[in-house]
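Have a look at the structure below, then the notes.
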Amino acid sequence: MATVDINLHKSVDEHAHHNDHHEEHHHHEESFITKYIFTEDHKMIAKQFLITGIFWAIIGGALSVIFRLQLGFPDANLEFLRPLLGDWITTQGKLDQNFYLALVTMHGTIMVFFVLTAGLSGTFSNFLIPLQIGARDMASGFMNMLSYWFFFLSSVIMFISLFIETGPASGGWVVYPPLSALPQAMPGSGLGMTLWLVSMSLFIVSSLLGGINYIATVINLRTDGMSFSKLPLTVWAFFLTAVLGLLSFPVLFAAALLLIFDRSFGTSFYLSEIYINGEPLHNMGGSPVLYQHLFWFLGHPEVYIVMLPGLGITSEIIATNARKPIFGYRAMIGSILAIAFLAFIVWAHHMFVSGMNPFLGTIFMFLTLIIAVPSAVKVFNYLATLWRGNIVFTPAMLFSIGLVSLFISGGVTGIALGNSAIDIQLHDTYYVVAHFHLVMGSASFFGMLAGIYHWFPKMFGRMMDEKLGYVHFWITFVGVYMVFFPMHYLGIAGFPRRYYSWTNFNAFDSFSDLNAFISTAAIITLSAQLIFLFNFFYSMYRGRLAPENPWRSNTLEWTTPRFPGHGNWPGKIPTVYRWPYDYSKPGAKEDFIPQTVPFSATPESNLPHETEMIELEKEFAK
Amino acid sequence: MTSLFLLTGSILVIAVFALVYRILSLVNIAKKNQGKRVGASNTVNSLLFILFFFVGFGLIFWYSGKASENFLPEAASEHGKLTDRLFWTTTAITFVVFFLTHVVLFLSPYFFRYRETRSAYWWPDNTKLEVAWTVVPAIVLTVLVFTGWWAWRDITAPAPDDSLQVEIVGKQFNWMVRYGGKDGKIGKHDYRKIDATNQLGMDFASDKSNFDDFTPREIHLPKGKNVLLKIRARDVLHSVFMPHFRVKMDAVPGMPTSFWFTPTKTTEEMRKELNDPNFNYELACTEICGQGHFAMRMVIVVSEPEEFEKWYASQEPWAKQNADYIASLNLESNKELAGLFNQK
């Protein structure tokens, strides 16, 4: 393996030099197409994922505001949306009921897959893995490029589905059959659902291509000295996220494939004894619960696919800005490993009242509550990292602290929901909506924003504006709590999810003021994202030029030049000597010691066992 | 006109915003405070966390009291009281954790904000602490799991034999309900027998116990008796949700499901308790099923057992109401049916 490694580095080294040489003299060498479109540079691919993710986040957010208008102001005349939505606004100026469900469905699909999976993992795994482990690029630049373009194709198809006459898929983001399998059940289950399935299949291909690449890169292309025990927690998180995706996405693919068969080729995997639209269907012996098992076998790990990168990013940012080593580095890795493992054996807690055997419910309740332990360990470690730190509140740091807060407040309600006896009442109410929007939606979203603020200088060589970042953070943080915290009250009062209106029921005929409040908060929160968009695009071109290591961070990406070319380091790839969290080490001159500084250069701050390492370093240098 | 208005409005807002931003950044350059490692905003941010903590928790405490009047009232079923207690216990424990972690998270950053003169404390790990905060949550969770498990085990145990059987069938977009009639047995069904008249697909040819089944428009339940809901769906997934009884179970096409419980308060008692003469128990759908998902309402009437028996006996079998349909089936058993009606 070592020889392969060296050879590979050498050839890319040469390639990089070759490029450098040419770039100096002929700028037209890299054409627009190979540099910005069909690029194999992991940094550019990361930016492609990021920009596409931002595009989808705007759409996904806008969709939620439209259905929040319906929920918060059920009597309002929405005629002003007609130019945008056309006949989805009824003649009475109301939102069409089918389109309401389409909005809910597409909001979920877009946010979970296109924003928080592709936009988050796609961006930061791509950008940070090679930079932080000391590699020239991904193991396969070509596959990486394919991964983006499959995602792009999938995005185009999903985007088109928003505009077709029968509307996009509308059966909820989980698209449970038979609703999603029968075009006669709702308009969205026609062409819209077909496009959803095609788009998601391509998305899975993209995810797998990306994931294989991340795993191969982390295992094979680490620079000299970068053992697994010296990897930044970001890379650990991205690595295990990729493993989760690689093992679970194929199952979703299988589920989707069987659904395609049921829809188009008359099979009965999920369908049985159905009478709809005045006629009995021929299907017998299928089970809708089978689909739910397959779906959640991806669906639950997916929650952690979304969450782990955010937690990894947060670990890095909190340590850097608290100027303190991450507390319990090994415990952090252990808890990620535990979460990644347990993520695969808790899926049926989404199905306690699906009609599956109650004994299975018992097993999954036990496993589910076990997963709360590593999550709690992570939270306590974050708190211990902040404790007695010397905290610099950069916007990235604020969003990271926000993430920890959201992770706690969304996480604790999971303990109620994971208890099958309690879940009977809470299942599919707004309590669930509150829970996952806080712990998975908002927390991951905060992780993504924290990552953008933190690594923007490395991505674009310029700084984002801090003050705008502060304003953006505080409005968003307050806003997110104002939107999602009140939903607990709705949930405890039994309000079911995916309801167009609750006024039919005496039981749910309250809280109309609270719903109006939530909707208002949602509009304000979404509007505040304009501050971010402005800051992002303005700083990209006009921002202050970034210093090489603006956050005084230890990790390898800050040893590259301000505008790293393809190949990342102009010369040799640096060697790594120490773990990435030597912040505020007693005796050290500065409050940080980058990973590339050998122990022999820091005799004043070395711990006893590190002094012994100096001998090894000398031998290594020979 | 409105859109033009909105457009100009938003352009103006953006223009003002851009101007303010430009001025601020120029002021920043003029002040040349960019060389310093942190500015005054570091302290401001740490103070804002404290403010956020007090305002946030203040709002939670204030509103939680106010909102409780809109919560569902105390459970009207036996197991519901138990799950409610579990829920509030869990909520109390988790709220304490939520509160204490936030005390540290939001209040401490002010004291540990960056200052040139101090340095962070080198504290990379502490095995005792790690073990403590692994073991303590594990123990607490074990207790919660076991109490939850005991409750779940009892709730999902097979229904007692003397339970009243009620069939609930979901379809786009309403519920249908059927009782076993005189023999208390709900007849077999076959989805291929469904048509515009026989909405439930009762299979009269193969099961005679269908003949005395009746299908009221409301669900009637006796107080204090065990009730077994036999749940099925005709077209897509639905979910039976009876919020006041803390009952929820999916209705699955092709796979019958069930849920049993014991109502403990009559509708009248609940009306008095809530001081609301219009109160009714309700059945709702909680599994997305299409356009009319939000409108699948059915009223549930709980009465004293005697009153319930009277109601039960007064119900006319479906087969009698639809004698033409039965005749059109040309069944051998039609004669027996005639006998059955004559008995009454």
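Chain labels A, B, ... are given in the sequence in which chains occur in the structure tokens; within each chain residues are numbered consecutively from 1, and ligands are likewise numbered from 1 in the order shown.
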
key: Those of region 130-328 of chain B in DSSP alpha helix (DSSP H), formatted as a PyMOL selection string   = chain B and resi 130-155+267-274+305-314+318-321+323-328

For chain B against chain A, with a cut-off of 6 Å and counting only C-alpha atoms, what is the closest atom pair and its distance in Å to one decimal for every residue that makes the cut, ordered by chain and number, as JSON lines?
```
{"residue": "B:Asn42", "atom": "CA", "partner": "A:Phe393", "partner_atom": "CA", "distance": 5.5}
{"residue": "B:Phe71", "atom": "CA", "partner": "A:Ala493", "partner_atom": "CA", "distance": 4.2}
{"residue": "B:Leu72", "atom": "CA", "partner": "A:Ala493", "partner_atom": "CA", "distance": 4.9}
{"residue": "B:Thr83", "atom": "CA", "partner": "A:Ile422", "partner_atom": "CA", "distance": 5.5}
{"residue": "B:Phe87", "atom": "CA", "partner": "A:Ile422", "partner_atom": "CA", "distance": 5.9}
{"residue": "B:Thr94", "atom": "CA", "partner": "A:Val412", "partner_atom": "CA", "distance": 5.6}
{"residue": "B:Phe112", "atom": "CA", "partner": "A:Asn390", "partner_atom": "CA", "distance": 5.3}
{"residue": "B:Arg113", "atom": "CA", "partner": "A:Ile391", "partner_atom": "CA", "distance": 4.5}
{"residue": "B:Tyr114", "atom": "CA", "partner": "A:Asn390", "partner_atom": "CA", "distance": 4.4}
{"residue": "B:Ala120", "atom": "CA", "partner": "A:Gly389", "partner_atom": "CA", "distance": 4.4}
{"residue": "B:Tyr121", "atom": "CA", "partner": "A:Arg388", "partner_atom": "CA", "distance": 5.7}
{"residue": "B:Trp122", "atom": "CA", "partner": "A:Lys585", "partner_atom": "CA", "distance": 5.9}
{"residue": "B:Pro124", "atom": "CA", "partner": "A:Phe327", "partner_atom": "CA", "distance": 4.9}
{"residue": "B:Asp125", "atom": "CA", "partner": "A:Gly328", "partner_atom": "CA", "distance": 4.5}
{"residue": "B:Gly148", "atom": "CA", "partner": "A:Ala421", "partner_atom": "CA", "distance": 5.6}
{"residue": "B:Trp152", "atom": "CA", "partner": "A:Ala421", "partner_atom": "CA", "distance": 4.9}
{"residue": "B:Tyr191", "atom": "CA", "partner": "A:Glu273", "partner_atom": "CA", "distance": 5.9}
{"residue": "B:Arg192", "atom": "CA", "partner": "A:Pro280", "partner_atom": "CA", "distance": 5.8}
{"residue": "B:Arg234", "atom": "CA", "partner": "A:Tyr275", "partner_atom": "CA", "distance": 5.7}
{"residue": "B:Asp235", "atom": "CA", "partner": "A:Ile274", "partner_atom": "CA", "distance": 5.0}
{"residue": "B:Val236", "atom": "CA", "partner": "A:Pro178", "partner_atom": "CA", "distance": 5.1}
{"residue": "B:Arg246", "atom": "CA", "partner": "A:Gln425", "partner_atom": "CA", "distance": 5.2}
{"residue": "B:Lys248", "atom": "CA", "partner": "A:Ile424", "partner_atom": "CA", "distance": 5.6}
{"residue": "B:Met249", "atom": "CA", "partner": "A:Val353", "partner_atom": "CA", "distance": 5.0}
{"residue": "B:Asp250", "atom": "CA", "partner": "A:Ser354", "partner_atom": "CA", "distance": 5.1}
{"residue": "B:Gly254", "atom": "CA", "partner": "A:Ser272", "partner_atom": "CA", "distance": 4.8}
{"residue": "B:Thr257", "atom": "CA", "partner": "A:Gly355", "partner_atom": "CA", "distance": 5.6}
{"residue": "B:Thr286", "atom": "CA", "partner": "A:Pro496", "partner_atom": "CA", "distance": 5.9}
{"residue": "B:Gly290", "atom": "CA", "partner": "A:Met186", "partner_atom": "CA", "distance": 5.9}
{"residue": "B:Gln291", "atom": "CA", "partner": "A:Asn98", "partner_atom": "CA", "distance": 5.1}
{"residue": "B:Phe294", "atom": "CA", "partner": "A:Tyr499", "partner_atom": "CA", "distance": 4.9}
```

Expected file: the selected residues, N, CA and C atoms, as a PDB file, in the first residue's frame:
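Ended up saving to result25.pdb:
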```
ATOM      1  N   ASN B  42     -17.306  40.645  20.512  1.00  0.00           N
ATOM      2  CA  ASN B  42     -17.114  39.374  21.218  1.00  0.00           C
ATOM      3  C   ASN B  42     -17.871  39.375  22.540  1.00  0.00           C
ATOM      4  N   PHE B  71     -54.145  22.019  25.852  1.00  0.00           N
ATOM      5  CA  PHE B  71     -53.699  20.641  25.693  1.00  0.00           C
ATOM      6  C   PHE B  71     -54.918  19.729  25.734  1.00  0.00           C
ATOM      7  N   LEU B  72     -54.716  18.510  25.269  1.00  0.00           N
ATOM      8  CA  LEU B  72     -55.786  17.544  25.390  1.00  0.00           C
ATOM      9  C   LEU B  72     -56.029  17.298  26.871  1.00  0.00           C
ATOM     10  N   THR B  83     -49.793   6.169  29.986  1.00  0.00           N
ATOM     11  CA  THR B  83     -48.833   6.740  29.028  1.00  0.00           C
ATOM     12  C   THR B  83     -48.667   8.245  29.264  1.00  0.00           C
ATOM     13  N   PHE B  87     -45.242  10.083  29.894  1.00  0.00           N
ATOM     14  CA  PHE B  87     -44.834  11.236  29.086  1.00  0.00           C
ATOM     15  C   PHE B  87     -44.394  12.397  29.962  1.00  0.00           C
ATOM     16  N   THR B  94     -36.199  15.116  31.126  1.00  0.00           N
ATOM     17  CA  THR B  94     -35.456  15.695  30.006  1.00  0.00           C
ATOM     18  C   THR B  94     -35.410  17.215  30.093  1.00  0.00           C
ATOM     19  N   PHE B 112     -15.947  32.959  29.825  1.00  0.00           N
ATOM     20  CA  PHE B 112     -14.812  32.382  29.099  1.00  0.00           C
ATOM     21  C   PHE B 112     -14.610  33.055  27.751  1.00  0.00           C
ATOM     22  N   ARG B 113     -15.095  34.281  27.601  1.00  0.00           N
ATOM     23  CA  ARG B 113     -14.906  34.979  26.327  1.00  0.00           C
ATOM     24  C   ARG B 113     -13.432  35.347  26.180  1.00  0.00           C
ATOM     25  N   TYR B 114     -13.017  35.574  24.949  1.00  0.00           N
ATOM     26  CA  TYR B 114     -11.605  35.793  24.683  1.00  0.00           C
ATOM     27  C   TYR B 114     -11.080  37.089  25.308  1.00  0.00           C
ATOM     28  N   ALA B 120      -6.706  29.707  27.571  1.00  0.00           N
ATOM     29  CA  ALA B 120      -7.630  28.600  27.828  1.00  0.00           C
ATOM     30  C   ALA B 120      -6.932  27.537  28.664  1.00  0.00           C
ATOM     31  N   TYR B 121      -7.748  26.795  29.381  1.00  0.00           N
ATOM     32  CA  TYR B 121      -7.241  25.758  30.270  1.00  0.00           C
ATOM     33  C   TYR B 121      -6.995  24.497  29.453  1.00  0.00           C
ATOM     34  N   TRP B 122      -5.775  23.983  29.523  1.00  0.00           N
ATOM     35  CA  TRP B 122      -5.436  22.764  28.772  1.00  0.00           C
ATOM     36  C   TRP B 122      -6.088  21.563  29.444  1.00  0.00           C
ATOM     37  N   PRO B 124      -7.525  18.166  27.834  1.00  0.00           N
ATOM     38  CA  PRO B 124      -7.917  17.345  26.681  1.00  0.00           C
ATOM     39  C   PRO B 124      -8.862  16.202  27.010  1.00  0.00           C
ATOM     40  N   ASP B 125      -8.775  15.636  28.175  1.00  0.00           N
ATOM     41  CA  ASP B 125      -9.765  14.615  28.520  1.00  0.00           C
ATOM     42  C   ASP B 125      -9.747  14.323  30.007  1.00  0.00           C
ATOM     43  N   GLY B 148     -41.450   2.167  30.168  1.00  0.00           N
ATOM     44  CA  GLY B 148     -42.121   2.229  28.871  1.00  0.00           C
ATOM     45  C   GLY B 148     -42.458   0.842  28.363  1.00  0.00           C
ATOM     46  N   TRP B 152     -46.049  -0.696  27.374  1.00  0.00           N
ATOM     47  CA  TRP B 152     -46.224  -1.133  25.993  1.00  0.00           C
ATOM     48  C   TRP B 152     -46.675  -2.595  25.942  1.00  0.00           C
ATOM     49  N   TYR B 191     -62.485  -7.858  -0.389  1.00  0.00           N
ATOM     50  CA  TYR B 191     -62.444  -6.548  -1.058  1.00  0.00           C
ATOM     51  C   TYR B 191     -63.038  -6.595  -2.460  1.00  0.00           C
ATOM     52  N   ARG B 192     -63.151  -7.800  -3.035  1.00  0.00           N
ATOM     53  CA  ARG B 192     -63.732  -7.890  -4.375  1.00  0.00           C
ATOM     54  C   ARG B 192     -65.251  -7.783  -4.355  1.00  0.00           C
ATOM     55  N   ARG B 234     -59.240   0.442   2.927  1.00  0.00           N
ATOM     56  CA  ARG B 234     -59.755  -0.042   1.656  1.00  0.00           C
ATOM     57  C   ARG B 234     -58.849   0.317   0.488  1.00  0.00           C
ATOM     58  N   ASP B 235     -58.193   1.472   0.582  1.00  0.00           N
ATOM     59  CA  ASP B 235     -57.453   1.938  -0.594  1.00  0.00           C
ATOM     60  C   ASP B 235     -55.989   2.253  -0.294  1.00  0.00           C
ATOM     61  N   VAL B 236     -55.746   3.215   0.588  1.00  0.00           N
ATOM     62  CA  VAL B 236     -54.363   3.568   0.929  1.00  0.00           C
ATOM     63  C   VAL B 236     -54.225   3.490   2.446  1.00  0.00           C
ATOM     64  N   ARG B 246     -55.977   8.293  23.676  1.00  0.00           N
ATOM     65  CA  ARG B 246     -54.565   7.964  23.454  1.00  0.00           C
ATOM     66  C   ARG B 246     -54.446   6.688  22.632  1.00  0.00           C
ATOM     67  N   LYS B 248     -53.805   5.062  18.812  1.00  0.00           N
ATOM     68  CA  LYS B 248     -53.372   5.293  17.432  1.00  0.00           C
ATOM     69  C   LYS B 248     -52.915   3.978  16.825  1.00  0.00           C
ATOM     70  N   MET B 249     -53.410   3.691  15.641  1.00  0.00           N
ATOM     71  CA  MET B 249     -52.955   2.494  14.933  1.00  0.00           C
ATOM     72  C   MET B 249     -53.228   2.667  13.438  1.00  0.00           C
ATOM     73  N   ASP B 250     -52.244   2.321  12.642  1.00  0.00           N
ATOM     74  CA  ASP B 250     -52.407   2.472  11.199  1.00  0.00           C
ATOM     75  C   ASP B 250     -53.457   1.504  10.664  1.00  0.00           C
ATOM     76  N   GLY B 254     -54.921  -4.716   3.114  1.00  0.00           N
ATOM     77  CA  GLY B 254     -54.389  -6.067   2.998  1.00  0.00           C
ATOM     78  C   GLY B 254     -53.821  -6.619   4.277  1.00  0.00           C
ATOM     79  N   THR B 257     -55.225  -4.659  11.295  1.00  0.00           N
ATOM     80  CA  THR B 257     -54.514  -4.330  12.534  1.00  0.00           C
ATOM     81  C   THR B 257     -55.554  -4.178  13.644  1.00  0.00           C
ATOM     82  N   THR B 286     -54.274  10.021  10.929  1.00  0.00           N
ATOM     83  CA  THR B 286     -52.925  10.589  11.073  1.00  0.00           C
ATOM     84  C   THR B 286     -51.914   9.971  10.131  1.00  0.00           C
ATOM     85  N   GLY B 290     -54.114  11.613   1.197  1.00  0.00           N
ATOM     86  CA  GLY B 290     -54.589  12.331   0.015  1.00  0.00           C
ATOM     87  C   GLY B 290     -55.291  13.623   0.399  1.00  0.00           C
ATOM     88  N   GLN B 291     -55.937  14.179  -0.611  1.00  0.00           N
ATOM     89  CA  GLN B 291     -56.536  15.497  -0.523  1.00  0.00           C
ATOM     90  C   GLN B 291     -57.366  15.733   0.746  1.00  0.00           C
ATOM     91  N   PHE B 294     -57.216  15.715   5.998  1.00  0.00           N
ATOM     92  CA  PHE B 294     -57.470  16.533   7.192  1.00  0.00           C
ATOM     93  C   PHE B 294     -58.947  16.548   7.572  1.00  0.00           C
TER      94      PHE B 294
END
```

message = When DSSP is applied to the backbone of this structure, which of region 165-353 of chain A are assigned strand (DSSP E or B)? Write them out as a PyMOL selection string.
response = chain A and resi 275-276+279-280

Keeping only C-alpha atoms, write the selected residues as a PDB file, in the first residue's frame.
```
ATOM      1  CA  TYR A 275     -60.464  -1.098  -3.860  1.00  0.00           C
ATOM      2  CA  ILE A 276     -60.088   2.379  -5.258  1.00  0.00           C
ATOM      3  CA  GLU A 279     -62.869  -0.886  -8.830  1.00  0.00           C
ATOM      4  CA  PRO A 280     -60.931  -3.606  -7.054  1.00  0.00           C
TER       5      PRO A 280
END
```

query = With only C-alpha atoms as the atoms that count, which of A:Leu360, A:Leu244, A:Gln595, A:Phe407 lies nearest to Leu342 (chain A)?
reply = A:Leu244

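The residue set within 12 Å of Ser328 (chain B), counting only C-alpha atoms and dropping same-chain residues fewer than 2 places from it, reads Thr197, Asn198, Phe204, Ala205, Ala319, Asn322, Ala323, Asp324, Tyr325, Ile326, Asn330, Leu331, Glu332 and Asn334 of chain B.
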
Quick one: write out the picked residues with N, CA and C atoms as a tab-separated table (two decimals), in the first residue's frame?
```
chain	number	residue	atom	x	y	z
B	197	THR	N	-72.94	0.02	-3.08
B	197	THR	CA	-73.86	-0.24	-1.97
B	197	THR	C	-73.12	-0.89	-0.81
B	198	ASN	N	-72.45	-2.00	-1.11
B	198	ASN	CA	-71.75	-2.75	-0.07
B	198	ASN	C	-70.34	-2.18	0.11
B	204	PHE	N	-71.43	-11.90	2.19
B	204	PHE	CA	-72.62	-12.60	2.69
B	204	PHE	C	-72.63	-14.06	2.27
B	205	ALA	N	-72.01	-14.35	1.13
B	205	ALA	CA	-72.05	-15.71	0.63
B	205	ALA	C	-71.29	-16.67	1.54
B	319	ALA	N	-78.02	-5.53	6.43
B	319	ALA	CA	-78.67	-6.41	5.46
B	319	ALA	C	-80.16	-6.11	5.36
B	322	ASN	N	-80.74	-2.95	3.43
B	322	ASN	CA	-80.42	-3.10	2.02
B	322	ASN	C	-80.93	-4.44	1.48
B	323	ALA	N	-82.19	-4.70	1.73
B	323	ALA	CA	-82.78	-5.98	1.35
B	323	ALA	C	-82.68	-6.23	-0.16
B	324	ASP	N	-82.79	-5.17	-0.94
B	324	ASP	CA	-82.70	-5.31	-2.40
B	324	ASP	C	-81.35	-5.87	-2.80
B	325	TYR	N	-80.32	-5.34	-2.16
B	325	TYR	CA	-78.97	-5.80	-2.47
B	325	TYR	C	-78.83	-7.28	-2.14
B	326	ILE	N	-79.32	-7.67	-0.96
B	326	ILE	CA	-79.22	-9.06	-0.53
B	326	ILE	C	-79.96	-9.96	-1.53
B	330	ASN	N	-78.85	-13.48	-4.72
B	330	ASN	CA	-79.40	-14.82	-4.97
B	330	ASN	C	-78.72	-15.88	-4.13
B	331	LEU	N	-78.68	-15.66	-2.85
B	331	LEU	CA	-78.00	-16.60	-1.98
B	331	LEU	C	-78.99	-17.63	-1.47
B	332	GLU	N	-78.47	-18.84	-1.18
B	332	GLU	CA	-79.26	-19.89	-0.55
B	332	GLU	C	-79.76	-19.39	0.80
B	334	ASN	N	-80.75	-16.75	1.79
B	334	ASN	CA	-81.76	-15.70	1.84
B	334	ASN	C	-82.95	-16.09	2.71
```

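Nearest-residue note for Phe446 (chain A): choosing from A:Ser31, A:Thr520, A:Ser64, A:Thr314, the minimum distance belongs to A:Thr314, counting only C-alpha atoms.
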